[in-house]
Protein chains: 4
Amino acid sequence: MSDQFSIAGRTFRSRLMIGTGKYRSFQEMVRCHEASGAEVVTVAVRRVNLTDKSKESMLDYIDRSKYFILPNTAACYTVDDAVRTARLGREVGLSNWVKLEVIGDEKTLYPDVFGLVEATRILAKEGFVVLPYTNDDLITARRLIDAGAAAVMPLAAPIGSGLGIQNHAALRIMREQITEVPLIVDAGVGTASDACVALEMGFDGILMNTAVAAAQDAEKMALAMNRGVEAGRLAFLAGRMERKLYASASSPLTGVIR
Amino acid sequence: MSDQFSIAGRTFRSRLMIGTGKYRSFQEMVRCHEASGAEVVTVAVRRVNLTDKSKESMLDYIDRSKYFILPNTAACYTVDDAVRTARLGREVGLSNWVKLEVIGDEKTLYPDVFGLVEATRILAKEGFVVLPYTNDDLITARRLIDAGAAAVMPLAAPIGSGLGIQNHAALRIMREQITEVPLIVDAGVGTASDACVALEMGFDGILMNTAVAAAQDAEKMALAMNRGVEAGRLAFLAGRMERKLYASASSPLTGVIR
Amino acid sequence: MSDQFSIAGRTFRSRLMIGTGKYRSFQEMVRCHEASGAEVVTVAVRRVNLTDKSKESMLDYIDRSKYFILPNTAACYTVDDAVRTARLGREVGLSNWVKLEVIGDEKTLYPDVFGLVEATRILAKEGFVVLPYTNDDLITARRLIDAGAAAVMPLAAPIGSGLGIQNHAALRIMREQITEVPLIVDAGVGTASDACVALEMGFDGILMNTAVAAAQDAEKMALAMNRGVEAGRLAFLAGRMERKLYASASSPLTGVIR
Amino acid sequence: MSDQFSIAGRTFRSRLMIGTGKYRSFQEMVRCHEASGAEVVTVAVRRVNLTDKSKESMLDYIDRSKYFILPNTAACYTVDDAVRTARLGREVGLSNWVKLEVIGDEKTLYPDVFGLVEATRILAKEGFVVLPYTNDDLITARRLIDAGAAAVMPLAAPIGSGLGIQNHAALRIMREQITEVPLIVDAGVGTASDACVALEMGFDGILMNTAVAAAQDAEKMALAMNRGVEAGRLAFLAGRMERKLYASASSPLTGVIR
């Protein structure tokens with residue numbers, strides 16, 4: 001189908017974005033990227049070997065004619081760290097795009113939304129295309145847009161938790177209220193149905209890493225995610241039937257949240 | 001992929017079975033069947049014109065070289081009704097297979113498991129391949145198998161409700177405990193993620209009707225369901241990551257039901 | 001408050017019924033019964049010492065001027081076993097009431113609804129007041145009533161699981177459709193809010209054992225359950241506010257199942 | 001029981017705090033306060049008649065020898081508004097405590113956590129005991145504590161929605177990680193079991209308004225909430241049984257989130 005979406009003027013056909021961490025090998029990573037059908041691959045600037053040409057780098061395994069690299073600032077805990085890391089990614093030629101992470105807590109990897117808004121503002125002014133990883137708070141999402149975010153990336157659940165969407169009400173509200181930029185669910189999904197649900201709710205896309213990399217058969221899960229995302233998008237476009245307690249019930253369950 | 005399953009010696013590649021009711025037209029029905037990738041199409045013997053050759057019949061629209069017809073006994077409220085209806089389906093050449101419904105209540109269309117076991121026993125003895133539509137009760141499922149059921153078809157939720165799987169614990173237990181025949185979720189799904197979840201739980205397949213026919217764009221939903229079922233099956237085979245409250249939590253949430 | 005309900009002409013003020021198994025001591029059991037405010041205490045006929053007067057019996061610890069003893073047929077796997085056990089309970093003077101269990105599976109302790117209906121019919125004809133422990137199936141509940149059940153006791157979840165209500169839709173439907181006898185949720189609750197929810201759904205009462213006995217502080221949990229049941233009943237009578245996605249949303253979420 | 005908790009050195013026995021809005025009459029409000037057993041009553045400074053002595057004021061109906069008045073800054077959309085409103089409450093003799101609201105959105109009434117932290121800092125420096133109404137974000141809660149909050153009040157769901165706790169994972173994490181100040185769930189509950197669940201999760205208390213005022217029988221719901229809160233607290237202290245898929249399952253479902 002010709003269903004596409006755009007961020008900052010760049011058009012994408014695949015609504016699945018994929019990470020590069022936790023794979024058993026670079027070879028497995030490559031096979032998973034392939035199976036996922038993703039166009040966007042995110043790379044932690046701090047975790048990639050950018051400098052030592054004598055050593056192997058993850059980047060050697062990503063065919064940049066096929067994948068759009070989205071540098072991210074994973075493991076950055078301050079505005080300064082995140083901003084410097086984004087700049088480094090641009091300087092070494094990765095991209096002027098950045099999936100911006102300003103982490104607020106080592107244990108949960110929850111975003112620090114205060115630092116995030118500030119770093120978004122700084123980087124947007126410097127010409128970056130900023131995609132901030134944030135929580136499911138509508139007000140914060142609006143602040144990020146005001147600060148120049150090109151898209152907003154709310155979490156489904158904590159990074160690496162695999163719990164799937166935890167707050168359907170908050171995300172449904174965010175989707176209803178924000179239409180000026182794409183919304184990409186980022187973090188927390190665990191299996192294909194989680195991804196499917198996110199797309200059914202009308203989110204423009206989804207980014208994941210652990211759910212694929214930590215599956216027992218990562219490549220098969222990458223394919224499952226491809227299908228799950230497509231299923232969710234199609235179901236969203238199709239417009240689902242109404243819910244009823246039973247078929248002959250007099251009134252539909254119009255307002256069910258999930 | 002070469003992933004298949006068998007019922008009574010017959011092998012199926014598609015794990016999505018599809019109905020014939022509630023479509024806006026026979027033409028739309030045909031397009032939906034096509035989009036769904038289903039191999040099995042279920043037909044209500046009582047609702048199809050079997051006799052008057054001068055009038056149009058739904059059966060004229062189903063290419064039997066492509067689809068395996070599974071007659072069903074929808075709208076049968078007694079053992080007698082169901083048995084006679086199954087026999088009629090066989091006599092007019094539809095099939096000796098039957099998706100057996102003995103409905104216990106007009107409002108909810110819940111199965112009458114007492115009549116169901118009895119009708120299963122009678123029809124199995126007469127050489128039918130019986131696939132009973134039942135509730136999510138493990139003990140009833142075992143009774144049905146003892147009575148000769150070739151597969152068991154537990155509901156996700158009431159027929160036509162669109163609620164998705166309501167009792168994850170009961171269905172998970174049924175799947176754990178029953179491995180001698182295929183288990184096909186039948187009734188109650190509303191959108192692609194519902195189908196995906198059923199397959200992720202290890203069910204062999206899923207049968208649906210209203211979720212496709214009553215979607216705003218039925219054909220698109222049929223395609224969504226195709227992808228959702230594939231996603232769910234792949235994710236089941238892949239083996240999902242463990243759930244944790246957050247990535248660095250000391251212990252996985254191994255026992256989460258859904 | 002003067003809010004009461006009746007089973008077979010007997011009136012109860014407390015809507016919490018309580019078991020006698022799994023306590024650390026008879027003394028603890030007595031304290032828990034006291035704290036729970038229950039009027040009905042259920043006793044497994046097969047597990048109580050009915051005959052050897054030289055030995056201690058659980059019954060010595062239950063003050064029958066304060067508690068109404070409800071014998072149950074726990075650990076009975078056939079109609080015969082259950083019927084004989086009920087008769088034994090009556091013969092030794094426990095009661096002509098019986099919480100009827102016909103268990104269908106050792107692992108899950110799910111009821112065998114087929115045997116249950118039969119045993120209900122036999123015992124009702126013999127003048128027993130029969131309260132069958134059943135699953136959440138509406139059709140089965142109706143069969144039990146037709147067979148002479150004085151109340152119906154659907155499960156929230158498997159016995160001893162502590163999972164709380166698993167199928168809100170099925171239980172809501174049962175409550176809507178059955179008004180001719182009391183409905184008592186039996187089995188599967190784990191904590192006070194589970195009990196509260198059951199009463200909020202309009203169930204007449206709840207019976208529990210493990211949730212109290214296996215709590216770290218059983219007596220405190222018994223008191224919690226007392227308050228939870230009262231809270232749920234009061235909230236049901238009060239009539240809860242409508243749900244909305246947010247306060248200023250244009251339409252209430254009228255149909256939310258849970 | 002002698003179970004108490006303290007905020008800023010002041011000890012409370014009741015863990016239910018209650019609002020003053022949306023009642024059908026001041027008389028009904030008084031009866032509800034009474035029935036709830038609350039010690040703390042929150043009053044919107046902006047909505048109370050503080051100045052015109054010739055007219056009736058809600059405050060005339062609150063017996064300050066029995067209730068501790070907690071002024072709140074409802075309907076304040078900026079730091080300035082909120083700060084000025086808090087000061088006004090103190091000046092007219094209400095209290096130097098404040099339930100601080102800085103609302104970020106008219107429709108959803110979600111808190112503006114950015115303004116909230118700033119207003120908390122200003123007011124804490126001025127000697128106020130600040131209890132900020134916030135979302136379920138751990139990082140924000142920590143910022144509020146750093147800014148001087150005496151307790152943190154995360155929402156269960158949007159104000160006036162009646163949806164109950166939406167994000168069990170986020171609130172469970174917050175409760176695990178924050179022990180230095182009390183955590184009071186504020187906003188979004190709809191019925192007694194919602195309140196019970198909040199206390200079972202270990203929250204120190206709960207504040208509500210619409211769930212009581214908009215019930216069909218508000219006074220009865222106030223009593224239900226009293227019992228629900230007590231049930232939840234007792235169940236938390238008692239320590240609930242482990243969850244299992246069924247009683248004889250080999251391993252408990254230790255990690256279930258809700």
# chains A, B, ... in the order shown; residues from 1 in each chain; ligands from 1
$ select_by_dssp --residues "stretch 115-183 of chain B" --states "strand (DSSP E)" --output "list of chain:residue names"
B:Val129, B:Val130, B:Leu131, B:Pro132, B:Tyr133, B:Thr134, B:Met153, B:Pro154
$ select_by_dssp --residues "stretch 92-189 of chain A" --states "helix (DSSP H, G or I)" --output "mmCIF file with N, CA and C atoms, in the first residue's frame"
data_model
loop_
_atom_site.group_PDB
_atom_site.id
_atom_site.type_symbol
_atom_site.label_atom_id
_atom_site.label_comp_id
_atom_site.auth_asym_id
_atom_site.auth_seq_id
_atom_site.Cartn_x
_atom_site.Cartn_y
_atom_site.Cartn_z
ATOM 1 N N VAL A 113 12.187 14.659 31.693
ATOM 2 C CA VAL A 113 11.497 15.536 30.745
ATOM 3 C C VAL A 113 11.951 16.982 30.852
ATOM 4 N N PHE A 114 12.480 17.352 31.997
ATOM 5 C CA PHE A 114 12.948 18.722 32.175
ATOM 6 C C PHE A 114 14.198 18.970 31.326
ATOM 7 N N GLY A 115 15.142 18.055 31.462
ATOM 8 C CA GLY A 115 16.336 18.153 30.631
ATOM 9 C C GLY A 115 16.006 17.957 29.160
ATOM 10 N N LEU A 116 15.039 17.143 28.902
ATOM 11 C CA LEU A 116 14.688 16.808 27.524
ATOM 12 C C LEU A 116 14.186 18.020 26.746
ATOM 13 N N VAL A 117 13.338 18.806 27.400
ATOM 14 C CA VAL A 117 12.813 19.999 26.731
ATOM 15 C C VAL A 117 13.951 20.973 26.437
ATOM 16 N N GLU A 118 14.825 21.114 27.414
ATOM 17 C CA GLU A 118 15.949 22.042 27.247
ATOM 18 C C GLU A 118 16.880 21.588 26.114
ATOM 19 N N ALA A 119 17.214 20.321 26.136
ATOM 20 C CA ALA A 119 18.117 19.802 25.097
ATOM 21 C C ALA A 119 17.457 19.857 23.720
ATOM 22 N N THR A 120 16.157 19.634 23.688
ATOM 23 C CA THR A 120 15.437 19.736 22.413
ATOM 24 C C THR A 120 15.554 21.152 21.851
ATOM 25 N N ARG A 121 15.364 22.117 22.728
ATOM 26 C CA ARG A 121 15.411 23.520 22.297
ATOM 27 C C ARG A 121 16.790 23.866 21.742
ATOM 28 N N ILE A 122 17.819 23.457 22.459
ATOM 29 C CA ILE A 122 19.190 23.764 22.021
ATOM 30 C C ILE A 122 19.479 23.127 20.663
ATOM 31 N N LEU A 123 19.158 21.855 20.553
ATOM 32 C CA LEU A 123 19.511 21.134 19.327
ATOM 33 C C LEU A 123 18.665 21.575 18.132
ATOM 34 N N ALA A 124 17.391 21.858 18.387
ATOM 35 C CA ALA A 124 16.539 22.318 17.285
ATOM 36 C C ALA A 124 17.082 23.628 16.723
ATOM 37 N N LYS A 125 17.542 24.493 17.625
ATOM 38 C CA LYS A 125 18.113 25.771 17.183
ATOM 39 C C LYS A 125 19.375 25.571 16.357
ATOM 40 N N LEU A 138 0.908 14.353 27.999
ATOM 41 C CA LEU A 138 0.493 15.261 26.929
ATOM 42 C C LEU A 138 1.156 16.628 27.041
ATOM 43 N N ILE A 139 1.214 17.152 28.244
ATOM 44 C CA ILE A 139 1.728 18.516 28.428
ATOM 45 C C ILE A 139 3.212 18.584 28.050
ATOM 46 N N THR A 140 3.933 17.552 28.448
ATOM 47 C CA THR A 140 5.347 17.493 28.066
ATOM 48 C C THR A 140 5.490 17.395 26.550
ATOM 49 N N ALA A 141 4.650 16.604 25.940
ATOM 50 C CA ALA A 141 4.712 16.476 24.473
ATOM 51 C C ALA A 141 4.541 17.837 23.809
ATOM 52 N N ARG A 142 3.607 18.621 24.335
ATOM 53 C CA ARG A 142 3.404 19.961 23.752
ATOM 54 C C ARG A 142 4.626 20.847 23.969
ATOM 55 N N ARG A 143 5.242 20.738 25.133
ATOM 56 C CA ARG A 143 6.459 21.524 25.396
ATOM 57 C C ARG A 143 7.570 21.134 24.424
ATOM 58 N N LEU A 144 7.642 19.859 24.158
ATOM 59 C CA LEU A 144 8.688 19.395 23.236
ATOM 60 C C LEU A 144 8.439 19.934 21.831
ATOM 61 N N ILE A 145 7.194 19.957 21.430
ATOM 62 C CA ILE A 145 6.864 20.498 20.110
ATOM 63 C C ILE A 145 7.190 21.992 20.068
ATOM 64 N N ASP A 146 6.822 22.684 21.126
ATOM 65 C CA ASP A 146 7.154 24.120 21.196
ATOM 66 C C ASP A 146 8.665 24.346 21.140
ATOM 67 N N HIS A 168 -3.115 3.192 28.399
ATOM 68 C CA HIS A 168 -3.897 3.394 27.181
ATOM 69 C C HIS A 168 -4.605 4.743 27.192
ATOM 70 N N ALA A 169 -5.103 5.152 28.341
ATOM 71 C CA ALA A 169 -5.831 6.423 28.408
ATOM 72 C C ALA A 169 -4.912 7.586 28.061
ATOM 73 N N ALA A 170 -3.728 7.609 28.652
ATOM 74 C CA ALA A 170 -2.809 8.727 28.412
ATOM 75 C C ALA A 170 -2.383 8.777 26.943
ATOM 76 N N LEU A 171 -2.100 7.622 26.372
ATOM 77 C CA LEU A 171 -1.653 7.617 24.976
ATOM 78 C C LEU A 171 -2.807 7.926 24.023
ATOM 79 N N ARG A 172 -3.976 7.459 24.369
ATOM 80 C CA ARG A 172 -5.128 7.787 23.523
ATOM 81 C C ARG A 172 -5.393 9.294 23.546
ATOM 82 N N ILE A 173 -5.279 9.875 24.723
ATOM 83 C CA ILE A 173 -5.447 11.329 24.830
ATOM 84 C C ILE A 173 -4.368 12.049 24.029
ATOM 85 N N MET A 174 -3.136 11.614 24.164
ATOM 86 C CA MET A 174 -2.050 12.265 23.425
ATOM 87 C C MET A 174 -2.308 12.207 21.921
ATOM 88 N N ARG A 175 -2.733 11.038 21.468
ATOM 89 C CA ARG A 175 -2.990 10.878 20.029
ATOM 90 C C ARG A 175 -4.152 11.767 19.566
ATOM 91 N N GLU A 176 -5.179 11.866 20.389
ATOM 92 C CA GLU A 176 -6.315 12.722 20.052
ATOM 93 C C GLU A 176 -5.909 14.187 19.951
ATOM 94 N N GLN A 177 -5.056 14.591 20.866
ATOM 95 C CA GLN A 177 -4.777 16.020 21.024
ATOM 96 C C GLN A 177 -3.620 16.519 20.153
#
$ interface_residues --of "chain A" --to "chain D" --cutoff "7 Å" --atoms "only C-alpha atoms" --output "ChimeraX atom specification"
/A:104,112,139,166-167
$ write_last_selection --atoms "C-alpha atoms" --output "compact mmCIF listing (two decimals), in the first residue's frame"
# COMPACT_ATOMS: atom_id res chain seq x y z
CA GLY A 104 16.57 10.67 34.52
CA ASP A 112 14.09 13.38 32.44
CA ILE A 139 1.73 18.52 28.43
CA GLN A 166 0.74 0.52 30.15
CA ASN A 167 -1.34 3.66 29.94
$ atom_distance --atom1 "atom CA of C:Ala75" --atom2 "atom CA of C:Ser6"
27.4 Å
$ closest_residue --among "D:Cys76, D:Ala231, D:Leu237, D:Leu94" --to "C:Ser36" --atoms "only C-alpha atoms"
D:Ala231
$ residues_around --residues "A:Gly162" --least-positions-apart "3" --cutoff "12 Å" --atoms "only C-alpha atoms" --output "ChimeraX atom specification"
/A:155-159,165-166,186-195,208-215 /B:240-247,252-254,256,258 /D:169
$ write_last_selection --atoms "C-alpha atoms" --output "PDB file, in the first residue's frame"
ATOM      1  CA  LEU A 155       7.103   5.317  25.854  1.00  0.00           C
ATOM      2  CA  ALA A 156       4.764   2.346  26.068  1.00  0.00           C
ATOM      3  CA  ALA A 157       6.512   1.135  29.232  1.00  0.00           C
ATOM      4  CA  PRO A 158      10.038   1.400  30.683  1.00  0.00           C
ATOM      5  CA  ILE A 159      12.890   0.723  28.241  1.00  0.00           C
ATOM      6  CA  ILE A 165       1.455  -0.254  26.508  1.00  0.00           C
ATOM      7  CA  GLN A 166       0.745   0.517  30.147  1.00  0.00           C
ATOM      8  CA  ASP A 186       9.336   4.227  21.689  1.00  0.00           C
ATOM      9  CA  ALA A 187      10.309   1.679  24.323  1.00  0.00           C
ATOM     10  CA  GLY A 188       8.563  -0.974  26.335  1.00  0.00           C
ATOM     11  CA  VAL A 189       6.943  -3.317  23.836  1.00  0.00           C
ATOM     12  CA  GLY A 190       7.585  -7.015  24.248  1.00  0.00           C
ATOM     13  CA  THR A 191       5.881  -8.844  21.440  1.00  0.00           C
ATOM     14  CA  ALA A 192       4.066  -8.374  18.146  1.00  0.00           C
ATOM     15  CA  SER A 193       0.623  -7.662  19.570  1.00  0.00           C
ATOM     16  CA  ASP A 194       2.057  -4.777  21.589  1.00  0.00           C
ATOM     17  CA  ALA A 195       3.302  -3.168  18.401  1.00  0.00           C
ATOM     18  CA  MET A 208      11.930  -1.013  19.415  1.00  0.00           C
ATOM     19  CA  ASN A 209      15.113  -2.831  20.280  1.00  0.00           C
ATOM     20  CA  THR A 210      15.001  -5.370  23.119  1.00  0.00           C
ATOM     21  CA  ALA A 211      11.748  -7.003  22.034  1.00  0.00           C
ATOM     22  CA  VAL A 212      13.527  -8.176  18.916  1.00  0.00           C
ATOM     23  CA  ALA A 213      17.077  -8.630  20.167  1.00  0.00           C
ATOM     24  CA  ALA A 214      16.104 -10.525  23.320  1.00  0.00           C
ATOM     25  CA  ALA A 215      13.587 -12.859  21.716  1.00  0.00           C
TER      26      ALA A 215
ATOM     27  CA  ARG B 240       9.173 -13.498  23.391  1.00  0.00           C
ATOM     28  CA  MET B 241      11.544 -11.678  25.747  1.00  0.00           C
ATOM     29  CA  GLU B 242      10.890 -11.857  29.477  1.00  0.00           C
ATOM     30  CA  ARG B 243       8.867  -9.135  31.107  1.00  0.00           C
ATOM     31  CA  LYS B 244      10.450  -7.008  33.812  1.00  0.00           C
ATOM     32  CA  LEU B 245       9.106  -4.029  35.686  1.00  0.00           C
ATOM     33  CA  TYR B 246      12.103  -2.213  34.213  1.00  0.00           C
ATOM     34  CA  ALA B 247      15.173  -3.469  32.415  1.00  0.00           C
ATOM     35  CA  PRO B 252      11.773 -11.089  35.432  1.00  0.00           C
ATOM     36  CA  LEU B 253       7.987 -10.953  35.669  1.00  0.00           C
ATOM     37  CA  THR B 254       7.842 -14.566  34.587  1.00  0.00           C
ATOM     38  CA  VAL B 256       2.302 -12.419  33.935  1.00  0.00           C
ATOM     39  CA  ARG B 258      -1.353 -11.314  29.676  1.00  0.00           C
TER      40      ARG B 258
ATOM     41  CA  ALA D 169       3.648  -0.136  36.529  1.00  0.00           C
TER      42      ALA D 169
END
$ closest_residue --among "A:Leu183, A:Ser161, A:Ile18, A:Ala235" --to "A:Glu200" --atoms "only C-alpha atoms"
A:Ala235
$ residues_around --residues "D:Ala8" --least-positions-apart "6" --cutoff "10 Å" --atoms "only C-alpha atoms" --output "PyMOL selection string"
chain D and resi 97+129-130+149-151+181-182
$ residues_around --residues "D:Asp60" --least-positions-apart "4" --cutoff "12 Å" --atoms "only C-alpha atoms" --output "MDAnalysis selection string"
chainID D and resid 26:27 29:30 48:50 53:56 64
$ write_last_selection --atoms "N, CA, C and O atoms" --output "short mmCIF file (atom, residue, chain, number, x, y, z; two decimals), in the first residue's frame"
data_model
loop_
_atom_site.label_atom_id
_atom_site.label_comp_id
_atom_site.auth_asym_id
_atom_site.auth_seq_id
_atom_site.Cartn_x
_atom_site.Cartn_y
_atom_site.Cartn_z
N PHE D 26 -24.48 22.22 49.96
CA PHE D 26 -23.49 22.22 51.04
C PHE D 26 -23.87 21.19 52.11
O PHE D 26 -23.01 20.57 52.73
N GLN D 27 -25.17 21.02 52.28
CA GLN D 27 -25.63 20.03 53.27
C GLN D 27 -25.18 18.62 52.88
O GLN D 27 -24.71 17.85 53.72
N MET D 29 -22.67 17.91 51.02
CA MET D 29 -21.22 17.90 51.19
C MET D 29 -20.84 17.56 52.64
O MET D 29 -19.97 16.73 52.89
N VAL D 30 -21.50 18.21 53.56
CA VAL D 30 -21.20 17.97 54.98
C VAL D 30 -21.46 16.52 55.35
O VAL D 30 -20.64 15.88 56.02
N VAL D 48 -13.96 29.69 46.37
CA VAL D 48 -14.65 29.90 47.63
C VAL D 48 -14.82 31.41 47.86
O VAL D 48 -13.97 32.21 47.46
N ASN D 49 -15.92 31.75 48.39
CA ASN D 49 -16.18 33.15 48.71
C ASN D 49 -15.41 33.53 49.97
O ASN D 49 -15.79 33.15 51.07
N LEU D 50 -14.31 34.24 49.78
CA LEU D 50 -13.44 34.56 50.91
C LEU D 50 -13.72 35.94 51.49
O LEU D 50 -13.28 36.28 52.58
N LYS D 53 -18.74 38.94 53.26
CA LYS D 53 -19.27 38.36 54.49
C LYS D 53 -20.80 38.28 54.49
O LYS D 53 -21.41 37.57 55.28
N SER D 54 -21.41 39.03 53.60
CA SER D 54 -22.88 39.04 53.57
C SER D 54 -23.42 37.79 52.88
O SER D 54 -24.59 37.47 52.98
N LYS D 55 -22.55 37.11 52.16
CA LYS D 55 -23.02 35.94 51.42
C LYS D 55 -22.52 34.65 52.05
O LYS D 55 -21.51 34.62 52.73
N GLU D 56 -23.24 33.59 51.73
CA GLU D 56 -22.90 32.27 52.22
C GLU D 56 -21.55 31.82 51.64
O GLU D 56 -21.24 32.09 50.49
N ARG D 64 -14.03 23.48 61.43
CA ARG D 64 -12.57 23.43 61.44
C ARG D 64 -12.01 22.83 62.72
O ARG D 64 -10.80 22.61 62.82
#
$ atom_distance --atom1 "atom CA of A:Leu234" --atom2 "atom CA of B:Lys66"
24.5 Å
